[in-house]
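Student: What follows is query.cif; its format and atoms are mmCIF, C-alpha atoms.
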```cif
data_query
loop_
_atom_site.label_atom_id
_atom_site.label_comp_id
_atom_site.auth_asym_id
_atom_site.auth_seq_id
_atom_site.Cartn_x
_atom_site.Cartn_y
_atom_site.Cartn_z
CA MET A 1 100.23 100.25 243.06
CA SER A 2 98.52 103.53 242.17
CA GLY A 3 95.86 101.69 240.20
CA ILE A 4 95.16 99.32 243.08
CA ILE A 5 94.74 102.22 245.51
CA LEU A 6 92.58 104.21 243.09
CA PHE A 7 90.19 101.48 242.01
CA GLY A 8 90.20 99.71 245.36
CA SER A 9 89.15 102.87 247.20
CA PHE A 10 86.63 103.70 244.45
CA PHE A 11 84.78 100.39 244.70
CA LEU A 12 84.85 100.45 248.51
CA LEU A 13 83.47 103.99 248.57
CA LEU A 14 80.84 102.99 246.01
CA LEU A 15 79.26 100.83 248.71
CA VAL A 16 78.55 103.80 250.99
CA VAL A 17 78.37 106.99 248.88
CA PRO A 18 76.95 108.00 245.46
CA VAL A 19 79.17 107.32 242.46
CA GLY A 20 80.13 110.99 241.92
CA TYR A 21 81.45 111.30 245.47
CA ALA A 22 83.20 107.93 245.17
CA ILE A 23 85.09 109.10 242.05
CA GLY A 24 86.22 112.36 243.67
CA MET A 25 87.12 110.91 247.06
CA ALA A 26 89.03 107.97 245.57
CA THR A 27 91.07 110.37 243.43
CA VAL A 28 91.91 112.65 246.36
CA ILE A 29 92.93 109.67 248.54
CA SER A 30 95.16 108.30 245.78
CA MET A 31 96.71 111.71 245.13
CA MET A 32 97.57 112.26 248.76
CA LEU A 33 99.20 108.85 249.02
CA ARG A 34 100.99 108.74 245.67
CA THR A 35 101.90 112.25 244.48
CA SER A 36 103.17 115.56 245.80
CA ILE A 37 101.39 117.68 243.18
CA PRO A 38 99.24 120.37 244.87
CA LEU A 39 95.54 119.62 245.13
CA GLU A 40 94.85 122.92 243.38
CA THR A 41 96.06 121.39 240.12
CA PHE A 42 93.43 118.70 240.26
CA THR A 43 90.78 121.17 241.31
CA GLN A 44 91.51 123.08 238.12
CA SER A 45 91.16 119.83 236.15
CA SER A 46 87.79 119.24 237.77
CA VAL A 47 86.48 122.68 236.84
CA SER A 48 87.80 122.56 233.28
CA GLY A 49 86.35 119.07 232.80
CA ALA A 50 82.83 120.38 233.33
CA ASN A 51 83.44 123.52 231.26
CA SER A 52 82.71 122.11 227.81
CA PHE A 53 80.52 123.47 225.01
CA ALA A 54 79.83 119.94 223.75
CA LEU A 55 78.54 118.90 227.19
CA MET A 56 75.76 121.48 226.89
CA ALA A 57 74.07 119.04 224.50
CA VAL A 58 73.40 116.62 227.37
CA PRO A 59 70.81 118.64 229.35
CA PHE A 60 69.07 119.78 226.18
CA PHE A 61 68.63 116.24 224.84
CA MET A 62 67.42 115.18 228.30
CA LEU A 63 64.96 118.07 228.28
CA CYS A 64 63.75 117.13 224.82
CA GLY A 65 62.98 113.59 226.00
CA SER A 66 61.10 114.93 229.02
CA LEU A 67 59.04 117.32 226.91
CA MET A 68 58.08 114.65 224.39
CA THR A 69 56.74 112.35 227.07
CA THR A 70 53.98 114.77 228.06
CA GLY A 71 53.59 116.80 224.87
CA GLY A 72 51.77 114.25 222.72
CA VAL A 73 54.81 113.38 220.59
CA ALA A 74 55.26 109.85 221.93
CA ARG A 75 51.57 108.96 221.59
CA ARG A 76 51.45 110.05 217.95
CA ILE A 77 54.60 108.09 217.10
CA VAL A 78 53.06 104.96 218.66
CA SER A 79 49.79 105.45 216.75
CA PHE A 80 51.58 105.83 213.42
CA VAL A 81 53.82 102.80 213.96
CA ASN A 82 50.79 100.76 214.99
CA THR A 83 49.16 101.35 211.59
CA LEU A 84 52.33 100.06 209.89
CA CYS A 85 53.02 96.84 211.78
CA GLY A 86 50.26 96.29 214.33
CA ALA A 87 48.69 93.46 212.28
CA VAL A 88 51.84 91.29 212.29
CA THR A 89 52.15 88.36 214.71
CA GLY A 90 53.19 89.89 218.04
CA GLY A 91 52.17 93.23 216.58
CA LEU A 92 52.03 95.23 219.80
CA ALA A 93 55.49 94.02 220.90
CA ILE A 94 56.88 94.92 217.47
CA VAL A 95 55.15 98.31 217.63
CA THR A 96 56.81 98.88 221.01
CA THR A 97 60.23 98.15 219.52
CA VAL A 98 59.83 100.28 216.39
CA ALA A 99 58.31 103.16 218.37
CA CYS A 100 61.30 103.06 220.73
CA MET A 101 63.59 103.32 217.70
CA PHE A 102 61.74 106.42 216.48
CA PHE A 103 61.65 107.96 219.95
CA GLY A 104 65.34 107.18 220.53
CA ALA A 105 66.14 109.07 217.33
CA ILE A 106 64.84 112.18 219.09
CA SER A 107 65.54 111.87 222.82
CA GLY A 108 68.97 110.17 222.99
CA SER A 109 68.00 108.62 226.33
CA ALA A 110 67.16 105.00 227.18
CA VAL A 111 65.23 105.93 230.32
CA ALA A 112 63.12 108.57 228.54
CA THR A 113 62.42 106.14 225.71
CA THR A 114 61.40 103.32 228.04
CA SER A 115 59.19 105.60 230.11
CA ALA A 116 57.47 107.31 227.19
CA ILE A 117 56.75 104.25 225.04
CA GLY A 118 56.31 101.76 227.88
CA SER A 119 53.63 103.87 229.58
CA PHE A 120 51.53 103.65 226.39
CA MET A 121 52.26 100.14 225.17
CA ILE A 122 52.34 97.99 228.31
CA PRO A 123 48.65 98.70 229.16
CA GLU A 124 47.76 97.97 225.52
CA MET A 125 49.60 94.65 225.61
CA ARG A 126 47.82 93.77 228.86
CA LYS A 127 44.45 94.38 227.20
CA LYS A 128 45.39 91.98 224.39
CA GLY A 129 46.41 89.22 226.80
CA TYR A 130 50.19 89.56 226.60
CA ASP A 131 52.05 88.21 229.63
CA ASP A 132 53.16 91.02 231.95
CA GLY A 133 56.73 89.72 232.13
CA PHE A 134 56.99 89.60 228.33
CA SER A 135 55.47 93.08 227.92
CA GLY A 136 57.81 94.62 230.50
CA ALA A 137 60.85 92.82 229.10
CA ILE A 138 60.37 94.06 225.53
CA ALA A 139 59.65 97.62 226.69
CA ALA A 140 62.90 97.66 228.70
CA ALA A 141 64.99 95.96 225.99
CA ALA A 142 63.68 98.21 223.21
CA GLY A 143 64.23 101.27 225.38
CA SER A 144 67.94 100.46 225.61
CA VAL A 145 68.22 101.05 221.83
CA GLY A 146 67.56 104.74 222.54
CA VAL A 147 71.21 105.39 223.42
CA ILE A 148 72.59 103.80 220.24
CA ILE A 149 70.37 105.34 217.57
CA PRO A 150 71.52 108.97 217.33
CA PRO A 151 71.33 111.42 218.89
CA SER A 152 72.74 109.80 222.00
CA VAL A 153 73.63 111.34 225.36
CA PRO A 154 76.30 108.67 226.10
CA PHE A 155 77.91 109.35 222.70
CA VAL A 156 78.21 113.02 223.66
CA ILE A 157 79.81 112.08 226.99
CA TYR A 158 82.20 109.65 225.29
CA GLY A 159 83.14 112.19 222.63
CA VAL A 160 83.99 114.79 225.27
CA VAL A 161 85.97 112.34 227.42
CA VAL A 162 88.21 110.98 224.64
CA SER A 163 88.12 114.02 222.30
CA CYS A 164 86.31 112.14 219.54
CA SER A 165 84.02 113.63 216.89
CA ILE A 166 80.44 113.51 218.20
CA SER A 167 79.04 113.82 214.68
CA ASP A 168 81.06 110.76 213.61
CA LEU A 169 79.77 108.85 216.65
CA PHE A 170 76.20 109.73 215.69
CA LYS A 171 76.78 108.49 212.15
CA ALA A 172 78.47 105.32 213.40
CA GLY A 173 75.54 104.49 215.68
CA ILE A 174 72.88 104.48 212.97
CA ILE A 175 73.40 100.99 211.54
CA PRO A 176 74.15 99.22 214.88
CA GLY A 177 71.06 100.89 216.38
CA ILE A 178 68.86 99.76 213.49
CA LEU A 179 70.34 96.24 213.75
CA MET A 180 69.52 96.16 217.47
CA GLY A 181 65.94 97.15 216.70
CA LEU A 182 65.59 94.56 213.92
CA ALA A 183 67.08 91.85 216.12
CA LEU A 184 64.51 92.63 218.82
CA VAL A 185 61.72 92.62 216.22
CA ALA A 186 62.83 89.14 215.13
CA ALA A 187 62.93 87.97 218.75
CA CYS A 188 59.44 89.43 219.32
CA TYR A 189 58.06 87.64 216.28
CA ILE A 190 59.56 84.25 217.19
CA SER A 191 58.46 84.47 220.83
CA SER A 192 54.98 85.74 219.92
CA LYS A 193 54.55 82.90 217.42
CA LYS A 194 55.22 80.38 220.19
CA ARG A 195 52.95 82.16 222.67
CA GLY A 196 50.11 82.74 220.24
CA TYR A 197 50.18 86.54 220.39
CA SER A 198 48.39 87.66 217.25
CA GLY A 199 48.34 91.11 215.74
CA THR A 200 45.38 93.42 215.29
CA GLU A 201 42.24 91.94 213.71
CA ARG A 202 42.94 93.61 210.37
CA ALA A 203 45.68 95.57 208.68
CA ALA A 204 45.28 99.33 208.56
CA THR A 205 43.97 100.76 205.34
CA ALA A 206 46.01 103.21 203.28
CA GLY A 207 43.71 105.97 204.48
CA GLU A 208 44.31 105.08 208.14
CA VAL A 209 48.06 104.98 207.60
CA TRP A 210 47.93 108.38 205.89
CA GLY A 211 45.79 109.83 208.65
CA ALA A 212 48.16 108.59 211.37
CA PHE A 213 51.12 109.89 209.39
CA LYS A 214 49.58 113.35 209.06
CA ASP A 215 48.81 113.43 212.78
CA ALA A 216 52.38 112.40 213.62
CA PHE A 217 54.07 114.42 210.88
CA TRP A 218 55.47 117.16 213.10
CA ALA A 219 56.78 114.59 215.57
CA LEU A 220 58.38 112.47 212.83
CA LEU A 221 60.00 115.57 211.34
CA MET A 222 62.02 116.14 214.50
CA PRO A 223 64.76 113.49 213.91
CA VAL A 224 65.04 114.70 210.31
CA ILE A 225 65.74 118.23 211.54
CA ILE A 226 68.14 117.12 214.29
CA LEU A 227 70.22 114.60 212.34
CA GLY A 228 69.92 116.36 209.00
CA GLY A 229 71.19 119.58 210.54
CA ILE A 230 74.16 117.84 212.15
CA TYR A 231 75.20 115.78 209.14
CA SER A 232 74.77 118.67 206.70
CA GLY A 233 76.94 120.89 208.88
CA VAL A 234 74.20 123.45 209.52
CA PHE A 235 74.72 123.12 213.26
CA THR A 236 76.74 121.17 215.81
CA ALA A 237 75.38 118.43 218.09
CA THR A 238 75.01 120.97 220.89
CA GLU A 239 73.15 123.44 218.68
CA ALA A 240 71.00 120.55 217.40
CA ALA A 241 69.96 119.76 220.97
CA VAL A 242 68.84 123.36 221.51
CA VAL A 243 66.93 123.35 218.21
CA ALA A 244 65.26 120.08 219.25
CA VAL A 245 64.05 121.59 222.54
CA ALA A 246 62.70 124.73 220.86
CA TYR A 247 60.97 122.66 218.17
CA CYS A 248 59.49 120.29 220.75
CA ILE A 249 58.06 123.17 222.80
CA VAL A 250 56.53 124.74 219.70
CA ILE A 251 54.76 121.60 218.49
CA SER A 252 53.73 120.46 221.99
CA VAL A 253 52.34 123.82 223.13
CA PHE A 254 51.14 125.47 219.92
CA VAL A 255 50.56 122.67 217.37
CA TYR A 256 49.35 119.69 219.40
CA ARG A 257 48.29 121.88 222.33
CA GLU A 258 48.83 119.08 224.83
CA MET A 259 51.38 120.79 227.06
CA SER A 260 50.87 123.74 229.37
CA TRP A 261 53.55 126.24 230.30
CA SER A 262 53.54 124.87 233.85
CA GLN A 263 54.45 121.45 232.43
CA VAL A 264 57.25 123.04 230.41
CA TYR A 265 58.54 124.60 233.63
CA ASP A 266 58.35 121.24 235.45
CA ALA A 267 60.33 119.59 232.65
CA PHE A 268 63.03 122.26 232.88
CA MET A 269 63.30 121.87 236.66
CA SER A 270 63.56 118.07 236.53
CA VAL A 271 66.36 118.25 233.97
CA VAL A 272 68.23 120.90 235.99
CA GLU A 273 68.49 118.41 238.84
CA ILE A 274 69.59 115.53 236.65
CA ASN A 275 72.14 117.66 234.79
CA GLY A 276 73.59 118.86 238.09
CA VAL A 277 74.41 115.26 238.95
CA THR A 278 75.93 114.65 235.50
CA LEU A 279 78.17 117.73 235.57
CA PHE A 280 79.19 116.91 239.14
CA MET A 281 80.43 113.52 237.95
CA MET A 282 82.06 114.97 234.84
CA GLY A 283 84.08 117.42 236.93
CA PHE A 284 85.38 114.81 239.36
CA THR A 285 86.04 112.38 236.53
CA ALA A 286 88.27 114.91 234.78
CA MET A 287 90.32 114.97 237.97
CA PHE A 288 90.20 111.15 238.01
CA ALA A 289 91.48 111.03 234.41
CA SER A 290 94.30 113.49 235.20
CA PHE A 291 95.53 111.21 237.94
CA LEU A 292 95.32 108.18 235.63
CA THR A 293 97.47 109.95 233.07
CA LEU A 294 99.96 111.19 235.64
CA GLU A 295 100.49 107.69 237.03
CA ASN A 296 100.51 106.08 233.55
CA ILE A 297 97.76 103.68 234.66
CA PRO A 298 96.03 103.27 231.24
CA ALA A 299 99.30 102.07 229.69
CA SER A 300 99.79 99.57 232.52
CA ILE A 301 96.26 98.24 232.13
CA ALA A 302 96.69 98.04 228.35
CA GLU A 303 99.89 96.07 228.80
CA PHE A 304 98.17 93.66 231.18
CA ILE A 305 95.16 93.06 228.92
CA LEU A 306 97.35 92.57 225.85
CA SER A 307 99.42 90.03 227.78
CA ILE A 308 96.34 87.82 228.27
CA SER A 309 96.43 86.68 224.66
CA SER A 310 97.93 87.59 221.32
CA ASN A 311 94.60 86.87 219.63
CA LYS A 312 92.63 90.01 218.81
CA ILE A 313 89.33 88.14 218.92
CA VAL A 314 90.00 86.86 222.43
CA ILE A 315 91.07 90.27 223.77
CA LEU A 316 87.99 92.01 222.38
CA LEU A 317 85.83 89.26 223.85
CA VAL A 318 87.45 89.80 227.26
CA ILE A 319 86.84 93.56 227.02
CA ASN A 320 83.20 92.96 226.07
CA LEU A 321 82.68 90.60 229.00
CA PHE A 322 84.28 93.13 231.35
CA LEU A 323 82.08 95.97 230.07
CA LEU A 324 78.95 93.82 230.31
CA LEU A 325 79.83 93.17 233.95
CA VAL A 326 80.47 96.88 234.55
CA GLY A 327 77.10 97.72 232.99
CA CYS A 328 75.39 95.47 235.53
CA VAL A 329 76.56 97.57 238.47
CA ILE A 330 77.40 101.09 237.22
CA ASP A 331 75.33 103.57 235.22
CA ASN A 332 76.23 104.26 231.60
CA ILE A 333 77.52 107.81 232.07
CA PRO A 334 79.98 107.26 234.97
CA ALA A 335 81.11 103.96 233.43
CA THR A 336 81.84 105.73 230.13
CA ILE A 337 83.70 108.52 231.89
CA ILE A 338 85.84 106.10 233.92
CA PHE A 339 86.62 103.29 231.50
CA ALA A 340 86.68 104.94 228.06
CA PRO A 341 90.12 106.59 228.54
CA ILE A 342 91.47 103.40 230.11
CA LEU A 343 90.36 100.93 227.45
CA LEU A 344 90.73 103.09 224.33
CA PRO A 345 94.55 102.69 224.25
CA VAL A 346 94.06 98.90 224.36
CA VAL A 347 91.68 98.67 221.42
CA SER A 348 93.71 101.26 219.50
CA GLN A 349 96.67 98.87 219.59
CA LEU A 350 94.34 96.24 218.11
CA GLY A 351 93.47 98.54 215.21
CA MET A 352 89.99 99.55 216.37
CA SER A 353 89.07 103.20 215.82
CA ALA A 354 87.91 105.45 218.65
CA VAL A 355 84.53 105.80 216.93
CA THR A 356 83.92 102.04 216.66
CA PHE A 357 85.01 101.56 220.26
CA GLY A 358 82.62 104.30 221.36
CA VAL A 359 79.70 102.43 219.81
CA MET A 360 80.89 99.10 221.22
CA LEU A 361 81.35 100.56 224.70
CA THR A 362 77.94 102.24 224.70
CA MET A 363 76.24 99.10 223.41
CA ASN A 364 77.76 97.00 226.20
CA LEU A 365 76.65 99.47 228.83
CA ALA A 366 73.19 99.77 227.22
CA ILE A 367 72.71 96.02 227.68
CA GLY A 368 73.43 96.75 231.35
CA PHE A 369 70.16 98.74 231.38
CA VAL A 370 68.28 95.41 231.26
CA THR A 371 70.47 93.33 233.59
CA PRO A 372 70.23 93.36 237.39
CA PRO A 373 71.23 94.56 239.91
CA TYR A 374 71.40 98.01 238.23
CA GLY A 375 69.06 97.58 235.25
CA ILE A 376 67.69 101.12 235.14
CA CYS A 377 65.26 100.31 232.29
CA LEU A 378 63.91 97.38 234.32
CA PHE A 379 63.38 99.70 237.28
CA MET A 380 61.62 102.21 235.05
CA VAL A 381 59.24 99.59 233.64
CA SER A 382 58.55 98.28 237.13
CA ALA A 383 57.80 101.81 238.33
CA ILE A 384 55.33 102.65 235.55
CA SER A 385 53.60 99.25 235.37
CA ASP A 386 54.08 97.47 238.73
CA ILE A 387 55.65 94.47 236.97
CA PRO A 388 58.20 92.72 239.26
CA MET A 389 61.75 92.63 237.91
CA GLY A 390 61.98 88.89 238.48
CA LYS A 391 59.00 88.33 236.19
CA MET A 392 60.63 90.39 233.46
CA MET A 393 63.99 88.60 233.72
CA LYS A 394 62.34 85.25 232.96
CA ASN A 395 61.32 86.72 229.59
CA MET A 396 64.49 88.71 228.94
CA LEU A 397 66.86 85.94 227.80
CA GLY A 398 65.71 85.89 224.17
CA PHE A 399 65.92 89.67 223.88
CA MET A 400 69.36 89.76 225.51
CA ALA A 401 70.57 87.08 223.09
CA ALA A 402 69.41 89.25 220.18
CA LEU A 403 71.25 92.30 221.58
CA LEU A 404 74.43 90.26 222.24
CA ILE A 405 74.49 88.99 218.64
CA VAL A 406 74.41 92.58 217.36
CA LEU A 407 77.12 93.52 219.88
CA LEU A 408 79.40 90.81 218.48
CA ILE A 409 78.70 91.94 214.92
CA THR A 410 79.55 95.53 215.87
CA THR A 411 82.75 94.40 217.59
CA TYR A 412 84.14 92.16 214.89
CA VAL A 413 82.71 93.75 211.72
CA PRO A 414 83.94 97.38 211.69
CA PHE A 415 82.06 98.00 208.44
CA VAL A 416 78.77 98.52 210.32
CA THR A 417 80.18 101.50 212.20
CA THR A 418 82.49 102.96 209.57
CA VAL A 419 80.52 102.67 206.32
CA LEU A 420 78.60 105.93 206.85
CA LEU A 421 81.78 107.81 207.75
CA LYS A 422 83.22 107.50 204.27
#
```
Could you take the file, read its structure, and then write that structure out as structure tokens?

Tutor:
Amino acid sequence: MSGIILFGSFFLLLLVVPVGYAIGMATVISMMLRTSIPLETFTQSSVSGANSFALMAVPFFMLCGSLMTTGGVARRIVSFVNTLCGAVTGGLAIVTTVACMFFGAISGSAVATTSAIGSFMIPEMRKKGYDDGFSGAIAAAAGSVGVIIPPSVPFVIYGVVVSCSISDLFKAGIIPGILMGLALVAACYISSKKRGYSGTERAATAGEVWGAFKDAFWALLMPVIILGGIYSGVFTATEAAVVAVAYCIVISVFVYREMSWSQVYDAFMSVVEINGVTLFMMGFTAMFASFLTLENIPASIAEFILSISSNKIVILLVINLFLLLVGCVIDNIPATIIFAPILLPVVSQLGMSAVTFGVMLTMNLAIGFVTPPYGICLFMVSAISDIPMGKMMKNMLGFMAALLIVLLITTYVPFVTTVLLK
């Protein structure tokens, strides 16, 4: 009964108020109807939920993505990747995908990745005669890889919510993220072959590749510093995010000289606003999670899901379908906060580790970035290029199929998420 009241009120409130308010109000309503524990207890849970050192990584990775968009980093990454694979069939679409993989290895954000790379590549694809729907679809799909290839903001959120090692999550996301990128490259090549989208007139010479590499060197060094520092134990994920911001400011302002101090200030202010929303949700969700635990709701849901079938494959498929549906209507961060503590006990009984589930969960919700009605990456592409969402969706099926294949591999082949943890 508690679960029905909690989730019923949450989804009803979601129709009229922002998700953060819906989480908090649904929890308060459920508490008042189902428990006599003083509200002060849950207020304390809300405050402590937002008071986390690991959570400090979120605004800094967001800030890093914002700084790179205007500091010349994204443009240099695109130029370098173009010298490597621009001559292949569907070269510009493949460049878009690979550039998103590089950018995602720095920003940890799908929206930042889509915005930064899409704003460069979609006009270029238009010039070469690529269909607008195809160009927008690949920019959105490739941008979604940004939250799987580490560092990843959703991985940080998940790690905080379920008390899982963020460093292990980053390691576990490397191979699935690369597989997602390769799957999209394959889809680009096959589709471009059918459509007649050729690459550049000639392959870049060794000198051109070297020149582009030198120009992009400081940008390409950033993921090495971030991930190398984390995996070597030099600094934590939170400290890595701070280092990334400092490094990005230095190369954007002093090395590339493409960012003014007023632009740095604007980037800080935009991230302050976004982070306020994130922490607001994190606080209320801690209260939400306290109520779930008090009422033993996760155990009840786990029991129900496990009663559907005794077949592990079927249960994991059901969970994937549920998360794909959730990703269509709720943003990645609130969905992670709400459903991670509920579903983790279920998959744990099936023998899946918390790290593997974190990657699976994030991948499901990342696919939601390119599926309406939410589809935040689709909205971003539409905003920067004026391409209608409907036109993109007609070209999205092949890319979604590629992402779903990798999702199934990640779900049923634990090796891809655990091999780098050993």

Student: In the coordinate frame of the file, compute which residues have an atom within 6 Å of (93.6, 100.5, 227.4) when using only C-alpha atoms, and state them as number ranges by chain.

Tutor: A: 298, 301-302, 342-346

Student: Since I can't run it myself right now, could you work out what the PyMOL selection byres ((chain A and resi 358-367) around 6) selects here and report it as an NGL selection string?

Tutor: :A and (144 or 323-324 or 327 or 332 or 355-357 or 368-370)

Student: Which residue is closest to Leu397 (chain A)? Choose from A:Leu182, A:Ala74, A:Ala105, A:Ala141 and count all atoms listed in the file.

Tutor: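 Smallest distance to Leu397 (chain A) is found for A:Ala141.
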
Student: For the file shown, report as a PyMOL selection string the outcome of the PyMOL selection byres ((chain A and resi 38-42) around 12) at residue level.

Tutor: chain A and resi 24+27-32+34-37+43-49+283-292+294

Student: Go ahead and compute the interatomic distance for CA of Ser262 (chain A) and CA of Val243 (chain A), in Å to one decimal.

Tutor: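 A separation of 20.6 Å between them.
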
Student: May I ask for the distance between CA of Cys377 (chain A) and CA of Ile106 (chain A), given in Å to one decimal place?

Tutor: 17.8 Å

Student: Could N, CA and C atoms be built for region 251-265 of chain A and written out as a compact mmCIF listing (two decimals), in the frame of the given file?

Tutor:
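So rebuild_39.txt came out as:
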```txt
# COMPACT_ATOMS: atom_id res chain seq x y z
N ILE A 251 55.79 122.54 218.95
CA ILE A 251 54.76 121.60 218.49
C ILE A 251 53.91 121.08 219.64
N SER A 252 54.49 120.96 220.85
CA SER A 252 53.73 120.46 221.99
C SER A 252 52.75 121.49 222.53
N VAL A 253 53.18 122.75 222.54
CA VAL A 253 52.34 123.82 223.13
C VAL A 253 51.40 124.43 222.11
N PHE A 254 51.92 124.70 220.89
CA PHE A 254 51.14 125.47 219.92
C PHE A 254 50.49 124.62 218.82
N VAL A 255 51.12 123.50 218.45
CA VAL A 255 50.56 122.67 217.37
C VAL A 255 49.64 121.60 217.94
N TYR A 256 50.17 120.74 218.81
CA TYR A 256 49.35 119.69 219.40
C TYR A 256 48.51 120.20 220.58
N ARG A 257 48.99 121.25 221.21
CA ARG A 257 48.29 121.88 222.33
C ARG A 257 48.00 120.89 223.46
N GLU A 258 48.98 120.06 223.77
CA GLU A 258 48.83 119.08 224.83
C GLU A 258 49.77 119.34 226.00
N MET A 259 50.45 120.47 225.97
CA MET A 259 51.38 120.79 227.06
C MET A 259 51.17 122.23 227.50
N SER A 260 51.03 122.40 228.81
CA SER A 260 50.87 123.74 229.37
C SER A 260 52.24 124.31 229.71
N TRP A 261 52.28 125.62 229.95
CA TRP A 261 53.55 126.24 230.30
C TRP A 261 54.03 125.78 231.68
N SER A 262 53.13 125.40 232.54
CA SER A 262 53.54 124.87 233.85
C SER A 262 54.24 123.52 233.68
N GLN A 263 53.79 122.73 232.71
CA GLN A 263 54.45 121.45 232.43
C GLN A 263 55.82 121.67 231.80
N VAL A 264 55.93 122.69 230.97
CA VAL A 264 57.25 123.04 230.41
C VAL A 264 58.20 123.40 231.53
N TYR A 265 57.72 124.20 232.47
CA TYR A 265 58.54 124.60 233.63
C TYR A 265 58.96 123.37 234.44
```
